[in-house]
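Data from work25.csv: CSV, C-alpha atoms
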chain,number,residue,atom,x,y,z
A,178,MET,CA,111.5,120.9,176.7
A,179,PRO,CA,108.5,119.6,178.8
A,180,MET,CA,109.1,119.2,182.5
A,181,GLN,CA,107.7,116.7,185.0
A,182,GLN,CA,107.4,116.9,188.7
A,183,VAL,CA,109.1,114.2,190.7
A,184,GLU,CA,109.6,113.5,194.4
A,185,VAL,CA,113.3,113.8,195.5
A,186,PRO,CA,114.4,112.3,198.9
A,187,THR,CA,116.1,114.7,201.2
A,188,GLN,CA,118.8,114.0,203.9
A,189,ASN,CA,116.3,114.2,206.7
A,190,GLY,CA,114.1,111.4,205.2
A,191,THR,CA,111.4,113.6,203.8
A,192,SER,CA,110.9,114.4,200.1
A,193,LYS,CA,110.4,117.5,198.1
A,194,ALA,CA,109.0,118.2,194.6
A,195,LYS,CA,111.5,118.9,191.8
A,196,TYR,CA,110.9,119.6,188.2
A,197,VAL,CA,113.1,117.7,185.7
A,198,ASP,CA,113.2,117.2,181.9
A,199,MET,CA,110.5,114.8,180.8
A,200,PHE,CA,112.6,113.6,177.8
A,201,ASP,CA,116.3,112.6,177.4
A,202,SER,CA,118.5,114.5,175.0
A,203,ILE,CA,119.1,113.3,171.5
A,204,GLU,CA,122.8,113.0,172.3
A,205,ASP,CA,122.1,110.7,175.2
A,206,SER,CA,119.6,108.7,173.1
A,207,ILE,CA,122.2,108.2,170.4
A,208,ALA,CA,124.7,107.0,172.9
A,209,ALA,CA,122.2,104.4,174.3
A,210,PHE,CA,121.2,103.3,170.9
A,211,SER,CA,124.9,102.8,170.0
A,212,ARG,CA,125.2,100.5,173.0
A,213,GLY,CA,122.5,98.3,171.6
A,214,GLU,CA,119.7,99.5,174.0
A,215,PHE,CA,116.1,100.1,173.2
A,216,LEU,CA,114.8,103.7,172.9
A,217,VAL,CA,111.3,104.9,173.5
A,218,VAL,CA,110.5,107.3,170.7
A,219,LEU,CA,107.4,109.4,170.7
A,220,ASP,CA,105.8,111.2,167.7
A,221,SER,CA,103.6,114.3,167.8
A,222,THR,CA,100.5,114.3,169.9
A,223,ASP,CA,98.6,115.6,166.8
A,224,ARG,CA,99.9,112.7,164.6
A,225,GLU,CA,99.8,109.1,165.8
A,226,ASN,CA,100.5,110.2,169.4
A,227,GLU,CA,102.2,106.9,170.1
A,228,GLY,CA,105.5,105.7,171.5
A,229,ASP,CA,107.6,103.0,169.8
A,230,LEU,CA,110.3,100.8,171.1
A,231,VAL,CA,113.2,101.3,168.7
A,232,ILE,CA,116.4,99.3,168.4
A,233,ALA,CA,119.1,98.6,165.7
A,234,ALA,CA,118.2,95.4,163.9
A,235,GLU,CA,121.8,94.2,164.3
A,236,ASP,CA,121.5,94.4,168.1
A,237,LEU,CA,118.2,92.5,168.3
A,238,THR,CA,118.8,89.2,170.2
A,239,THR,CA,116.2,86.5,170.8
A,240,GLU,CA,115.8,87.7,174.4
A,241,LYS,CA,115.3,91.3,173.3
A,242,MET,CA,112.7,90.3,170.7
A,243,ALA,CA,110.8,88.3,173.3
A,244,TRP,CA,110.8,91.3,175.7
A,245,MET,CA,109.8,93.7,172.8
A,246,VAL,CA,106.8,91.5,171.8
A,247,LYS,CA,105.7,91.3,175.5
A,248,HIS,CA,105.3,95.0,175.9
A,249,THR,CA,104.1,96.0,172.5
A,250,SER,CA,101.4,95.3,169.9
A,251,GLY,CA,103.6,92.4,168.7
A,252,LEU,CA,103.7,93.5,165.1
A,253,VAL,CA,107.4,94.2,164.9
A,254,VAL,CA,108.4,96.0,161.7
A,255,ALA,CA,111.9,96.8,160.3
A,256,PRO,CA,112.4,100.2,158.9
A,257,MET,CA,115.1,100.2,156.2
A,258,SER,CA,116.8,102.5,153.7
A,259,ALA,CA,115.7,102.2,150.1
A,260,PRO,CA,119.0,101.0,148.7
A,261,LEU,CA,119.1,98.0,151.2
A,262,LEU,CA,115.5,97.1,150.2
A,263,GLU,CA,116.4,97.2,146.6
A,264,HIS,CA,119.5,95.0,147.2
A,265,LEU,CA,117.4,92.4,148.9
A,266,ALA,CA,114.6,92.6,146.3
A,267,LEU,CA,111.9,93.6,148.8
A,268,PRO,CA,109.4,95.7,146.8
A,269,GLN,CA,106.3,97.5,148.2
A,270,MET,CA,103.6,95.2,149.4
A,271,VAL,CA,100.8,97.0,147.4
A,272,ALA,CA,100.9,99.2,144.3
A,273,GLU,CA,98.4,101.7,145.8
A,274,ASN,CA,99.0,102.4,149.5
A,275,GLN,CA,95.8,103.2,151.3
A,276,GLU,CA,97.1,103.0,154.9
A,277,SER,CA,96.2,106.0,157.0
A,278,HIS,CA,99.8,107.3,157.2
A,279,CYS,CA,100.9,105.6,153.9
A,280,THR,CA,103.2,103.3,155.9
A,281,ALA,CA,105.4,101.9,153.3
A,282,PHE,CA,105.2,98.1,153.9
A,283,THR,CA,107.3,95.9,151.7
A,284,VAL,CA,106.7,92.2,150.9
A,285,SER,CA,107.2,90.4,154.2
A,286,CYS,CA,110.0,87.9,154.7
A,287,ASP,CA,111.8,85.3,156.8
A,288,TYR,CA,115.4,84.4,156.8
A,289,GLY,CA,115.8,81.1,155.0
A,290,TYR,CA,118.2,79.3,157.2
A,291,ASN,CA,118.1,78.2,160.9
A,292,THR,CA,114.5,79.2,161.2
A,293,THR,CA,111.3,77.2,161.4
A,294,THR,CA,107.9,78.8,161.1
A,295,GLY,CA,109.4,82.3,161.2
A,296,ILE,CA,107.2,83.7,164.0
A,297,SER,CA,109.2,82.8,167.1
A,298,ALA,CA,111.3,85.4,168.9
A,299,HIS,CA,114.4,83.5,167.8
A,300,ASP,CA,113.3,83.4,164.1
A,301,ARG,CA,112.1,87.1,164.0
A,302,ALA,CA,115.3,88.3,165.7
A,303,LEU,CA,117.5,86.3,163.4
A,304,THR,CA,115.6,87.7,160.3
A,305,CYS,CA,116.1,91.2,161.6
A,306,ARG,CA,119.8,90.7,162.1
A,307,LYS,CA,120.1,89.2,158.7
A,308,LEU,CA,118.3,92.1,157.1
A,309,ALA,CA,121.1,94.2,158.5
A,310,ASP,CA,123.9,91.8,157.5
A,311,PRO,CA,125.9,93.1,154.6
A,312,SER,CA,126.8,89.6,153.4
A,313,VAL,CA,123.3,88.4,152.7
A,314,THR,CA,121.5,88.4,149.3
A,315,ALA,CA,117.9,88.4,148.2
A,316,ALA,CA,118.0,84.6,147.8
A,317,ASP,CA,118.6,84.2,151.5
A,318,PHE,CA,115.0,85.2,152.4
A,319,ARG,CA,111.7,83.5,152.0
A,320,ARG,CA,108.7,85.5,150.9
A,321,PRO,CA,106.1,86.0,152.4
A,322,GLY,CA,107.2,85.8,156.0
A,323,HIS,CA,106.8,87.2,159.5
A,324,MET,CA,109.0,90.3,159.4
A,325,PHE,CA,107.7,93.4,157.8
A,326,PRO,CA,110.3,95.8,156.4
A,327,LEU,CA,109.3,99.4,155.9
A,328,ARG,CA,110.8,101.7,153.3
A,329,ALA,CA,112.1,104.9,154.9
A,330,VAL,CA,112.1,108.1,152.9
A,331,GLY,CA,115.5,109.4,151.8
A,332,GLY,CA,115.2,112.7,153.8
A,333,GLY,CA,114.7,111.0,157.1
A,334,VAL,CA,112.6,112.6,159.8
A,335,ILE,CA,113.1,116.0,158.3
A,336,ALA,CA,111.2,114.9,155.2
A,337,ARG,CA,108.7,112.7,157.1
A,338,PRO,CA,108.5,112.8,160.9
A,339,GLY,CA,107.5,109.2,161.4
A,340,HIS,CA,108.9,106.3,163.5
A,341,THR,CA,110.1,104.6,160.3
A,342,GLU,CA,112.4,107.4,159.5
A,343,ALA,CA,113.4,107.8,163.1
A,344,GLY,CA,114.6,104.2,163.3
A,345,VAL,CA,116.8,104.6,160.2
A,346,ASP,CA,118.1,108.0,161.3
A,347,PHE,CA,119.2,106.7,164.7
A,348,CYS,CA,121.0,103.9,162.9
A,349,LYS,CA,122.8,106.4,160.8
A,350,LEU,CA,123.7,108.6,163.7
A,351,ALA,CA,125.0,105.6,165.7
A,352,GLY,CA,127.1,104.3,162.7
A,353,LYS,CA,125.1,101.2,162.3
A,354,ARG,CA,123.6,99.4,159.3
A,355,GLU,CA,120.5,101.3,158.2
A,356,VAL,CA,118.0,98.7,159.5
A,357,SER,CA,116.0,99.0,162.7
A,358,ALA,CA,113.2,97.2,164.5
A,359,ILE,CA,110.3,99.1,165.9
A,360,CYS,CA,106.9,98.4,167.6
A,361,GLU,CA,104.2,100.4,169.3
A,362,LEU,CA,103.9,100.3,173.1
A,363,VAL,CA,100.6,99.1,174.4
A,364,ARG,CA,98.9,99.1,177.9
A,365,PRO,CA,99.2,95.7,179.6
A,366,ASP,CA,95.6,95.6,180.8
A,367,ASP,CA,93.5,96.5,177.8
A,368,GLY,CA,96.0,96.5,174.9
A,369,LEU,CA,95.2,100.1,173.9
A,370,MET,CA,98.1,102.4,172.8
A,371,MET,CA,100.2,104.0,175.5
A,372,ARG,CA,100.2,107.8,175.2
A,373,ARG,CA,103.0,110.3,176.2
A,374,ASP,CA,103.0,110.2,180.0
A,375,GLU,CA,102.5,106.4,180.0
A,376,CYS,CA,105.4,106.0,177.6
A,377,VAL,CA,107.7,108.2,179.7
A,378,ALA,CA,106.7,106.2,182.8
A,379,PHE,CA,107.5,102.9,181.0
A,380,ALA,CA,110.9,104.2,179.9
A,381,ARG,CA,111.8,105.3,183.4
A,382,THR,CA,110.6,102.0,184.9
A,383,TRP,CA,112.9,100.0,182.5
A,384,GLY,CA,115.8,102.5,182.5
A,385,LEU,CA,115.4,103.4,178.9
A,386,LYS,CA,116.1,106.7,177.2
A,387,VAL,CA,113.0,108.4,175.9
A,388,CYS,CA,112.9,111.1,173.3
A,389,THR,CA,110.7,112.7,170.6
A,390,ILE,CA,110.8,112.8,166.9
A,391,GLU,CA,110.4,116.5,167.1
A,392,ALA,CA,113.6,116.8,169.0
A,393,LEU,CA,115.4,114.5,166.5
A,394,VAL,CA,114.2,116.8,163.7
A,395,GLU,CA,115.7,119.8,165.4
A,396,TYR,CA,118.9,118.0,166.2
A,397,LEU,CA,119.4,116.9,162.6
A,398,LYS,CA,118.5,120.4,161.2
A,399,LYS,CA,121.2,121.9,163.4
A,400,LYS,CA,123.7,119.1,162.8
A,401,ASN,CA,123.2,118.8,159.0
A,402,ALA,CA,122.2,122.2,157.9
A,403,GLY,CA,122.8,122.4,154.2
A,404,SER,CA,123.7,118.7,153.9
A,405,VAL,CA,122.1,115.6,152.4
A,406,TYR,CA,119.2,115.6,155.0
A,407,MET,CA,118.1,119.0,153.8
A,408,GLY,CA,118.5,118.2,150.1
A,409,CYS,CA,116.9,114.8,149.7
A,410,ARG,CA,113.8,114.3,147.7
A,411,VAL,CA,110.7,113.5,149.7
A,412,GLY,CA,109.6,110.0,148.8
A,413,ILE,CA,107.1,107.4,149.9
A,414,GLY,CA,105.3,108.3,153.1
A,415,ASN,CA,105.3,105.9,156.0
A,416,GLU,CA,104.6,105.4,159.7
Spell out the structure here as structure tokens.
Amino acid sequence: MPMQQVEVPTQNGTSKAKYVDMFDSIEDSIAAFSRGEFLVVLDSTDRENEGDLVIAAEDLTTEKMAWMVKHTSGLVVAPMSAPLLEHLALPQMVAENQESHCTAFTVSCDYGYNTTTGISAHDRALTCRKLADPSVTAADFRRPGHMFPLRAVGGGVIARPGHTEAGVDFCKLAGKREVSAICELVRPDDGLMMRRDECVAFARTWGLKVCTIEALVEYLKKKNAGSVYMGCRVGIGNE
């Protein structure tokens, strides 16, 4: 695991350098996710080389959505499992996907009740929570809208090491409905994407757990060797 050097205060008032793990463990990340906290999840430096805020959709309040939009690109998307998308009649946005990573966008939507334009933090948070609500039906959503569900592949990050699959896998591991909300962290000054060290610094500033998709893959391979994660068919690619 990568290490970083930090300054640790000593009893005589000075400080000394100490090397600590750069990333949190997957176990600690799952625990935080279970508590309704955001995670900062990084993918490979030779892939997108980006860090996303990731949270379970059922835990996304208006206040959390507003904070999420403030620190990210603002295009919040909702990774979901294929069966839930089919239940809500949310098909793929286009027949031929030409996005650089084949991100599997579905038709966009808004929740049809207690929302106005659909774009406010309140409306988008409510739509996310309702996407994760087992009592809703396809008729409860307007199309198009301001939330963008993404279809995760059945094999999770083992089949496709993207943020889409990571969001759904963390929901599974935390025992939550298989719908998350994710968005890319950006620099506050120029709006460019945050890279690894910047994402780690952001997580530490806000007291968030930070982990990598690579570590999640290894965790799942060990935990689920020979189980459904290893046997699922690779499906549509995504973010």
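With all atoms listed in the file as the atoms that count, the minimum distance from Pro326 of chain A to the choices A:Ala243, A:Ile232, A:Ala259, A:Ala209 is reached by A:Ala259.
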So that I can check the surroundings of segment 252-257 of chain A, please list as a PDB file with C-alpha atoms, in the coordinates of the input every protein, DNA and RNA residue that reaches within 10 Å of it, counting all atoms listed in the file and ignoring chain neighbours fewer than 3 positions away.
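Saved the output as around-v1.pdb:
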ATOM      1  CA  LEU A 230     110.300 100.800 171.100  1.00  0.00           C
ATOM      2  CA  VAL A 231     113.200 101.300 168.700  1.00  0.00           C
ATOM      3  CA  ILE A 232     116.400  99.300 168.400  1.00  0.00           C
ATOM      4  CA  ALA A 233     119.100  98.600 165.700  1.00  0.00           C
ATOM      5  CA  ALA A 234     118.200  95.400 163.900  1.00  0.00           C
ATOM      6  CA  MET A 242     112.700  90.300 170.700  1.00  0.00           C
ATOM      7  CA  MET A 245     109.800  93.700 172.800  1.00  0.00           C
ATOM      8  CA  VAL A 246     106.800  91.500 171.800  1.00  0.00           C
ATOM      9  CA  THR A 249     104.100  96.000 172.500  1.00  0.00           C
ATOM     10  CA  PRO A 260     119.000 101.000 148.700  1.00  0.00           C
ATOM     11  CA  LEU A 261     119.100  98.000 151.200  1.00  0.00           C
ATOM     12  CA  LEU A 262     115.500  97.100 150.200  1.00  0.00           C
ATOM     13  CA  ALA A 281     105.400 101.900 153.300  1.00  0.00           C
ATOM     14  CA  PHE A 282     105.200  98.100 153.900  1.00  0.00           C
ATOM     15  CA  THR A 283     107.300  95.900 151.700  1.00  0.00           C
ATOM     16  CA  SER A 285     107.200  90.400 154.200  1.00  0.00           C
ATOM     17  CA  ARG A 301     112.100  87.100 164.000  1.00  0.00           C
ATOM     18  CA  ALA A 302     115.300  88.300 165.700  1.00  0.00           C
ATOM     19  CA  THR A 304     115.600  87.700 160.300  1.00  0.00           C
ATOM     20  CA  CYS A 305     116.100  91.200 161.600  1.00  0.00           C
ATOM     21  CA  LEU A 308     118.300  92.100 157.100  1.00  0.00           C
ATOM     22  CA  ALA A 309     121.100  94.200 158.500  1.00  0.00           C
ATOM     23  CA  HIS A 323     106.800  87.200 159.500  1.00  0.00           C
ATOM     24  CA  MET A 324     109.000  90.300 159.400  1.00  0.00           C
ATOM     25  CA  PHE A 325     107.700  93.400 157.800  1.00  0.00           C
ATOM     26  CA  PRO A 326     110.300  95.800 156.400  1.00  0.00           C
ATOM     27  CA  LEU A 327     109.300  99.400 155.900  1.00  0.00           C
ATOM     28  CA  ARG A 328     110.800 101.700 153.300  1.00  0.00           C
ATOM     29  CA  ALA A 329     112.100 104.900 154.900  1.00  0.00           C
ATOM     30  CA  VAL A 330     112.100 108.100 152.900  1.00  0.00           C
ATOM     31  CA  HIS A 340     108.900 106.300 163.500  1.00  0.00           C
ATOM     32  CA  THR A 341     110.100 104.600 160.300  1.00  0.00           C
ATOM     33  CA  GLU A 342     112.400 107.400 159.500  1.00  0.00           C
ATOM     34  CA  ALA A 343     113.400 107.800 163.100  1.00  0.00           C
ATOM     35  CA  GLY A 344     114.600 104.200 163.300  1.00  0.00           C
ATOM     36  CA  VAL A 345     116.800 104.600 160.200  1.00  0.00           C
ATOM     37  CA  ASP A 346     118.100 108.000 161.300  1.00  0.00           C
ATOM     38  CA  CYS A 348     121.000 103.900 162.900  1.00  0.00           C
ATOM     39  CA  ARG A 354     123.600  99.400 159.300  1.00  0.00           C
ATOM     40  CA  GLU A 355     120.500 101.300 158.200  1.00  0.00           C
ATOM     41  CA  VAL A 356     118.000  98.700 159.500  1.00  0.00           C
ATOM     42  CA  SER A 357     116.000  99.000 162.700  1.00  0.00           C
ATOM     43  CA  ALA A 358     113.200  97.200 164.500  1.00  0.00           C
ATOM     44  CA  ILE A 359     110.300  99.100 165.900  1.00  0.00           C
ATOM     45  CA  CYS A 360     106.900  98.400 167.600  1.00  0.00           C
ATOM     46  CA  GLU A 361     104.200 100.400 169.300  1.00  0.00           C
ATOM     47  CA  ASN A 415     105.300 105.900 156.000  1.00  0.00           C
ATOM     48  CA  GLU A 416     104.600 105.400 159.700  1.00  0.00           C
TER      49      GLU A 416
END
- Query: What lies within 10 Å of Asp300 of chain A using all atoms listed in the file, ignoring chain neighbours under 2 positions off, as a ChimeraX atom specification?
  - Reply: /A:239,242,287-298,302-306,323-324
- Counting only C-alpha atoms, closest pick from A:Lys247, A:Lys398, A:Arg212, A:Arg373 relative to Lys353 of chain A is A:Arg212
- Message: Give me the residues near Thr389 of chain A as an MDAnalysis selection string, where near means some atom within 12 Å (using all atoms listed in the file) and where sequence neighbours in that chain fewer than 4 positions away do not count.
- Response: chainID A and resid 178:179 199:203 206 216:222 226:231 334 338:340 343:344 347 373 376:377 393:396
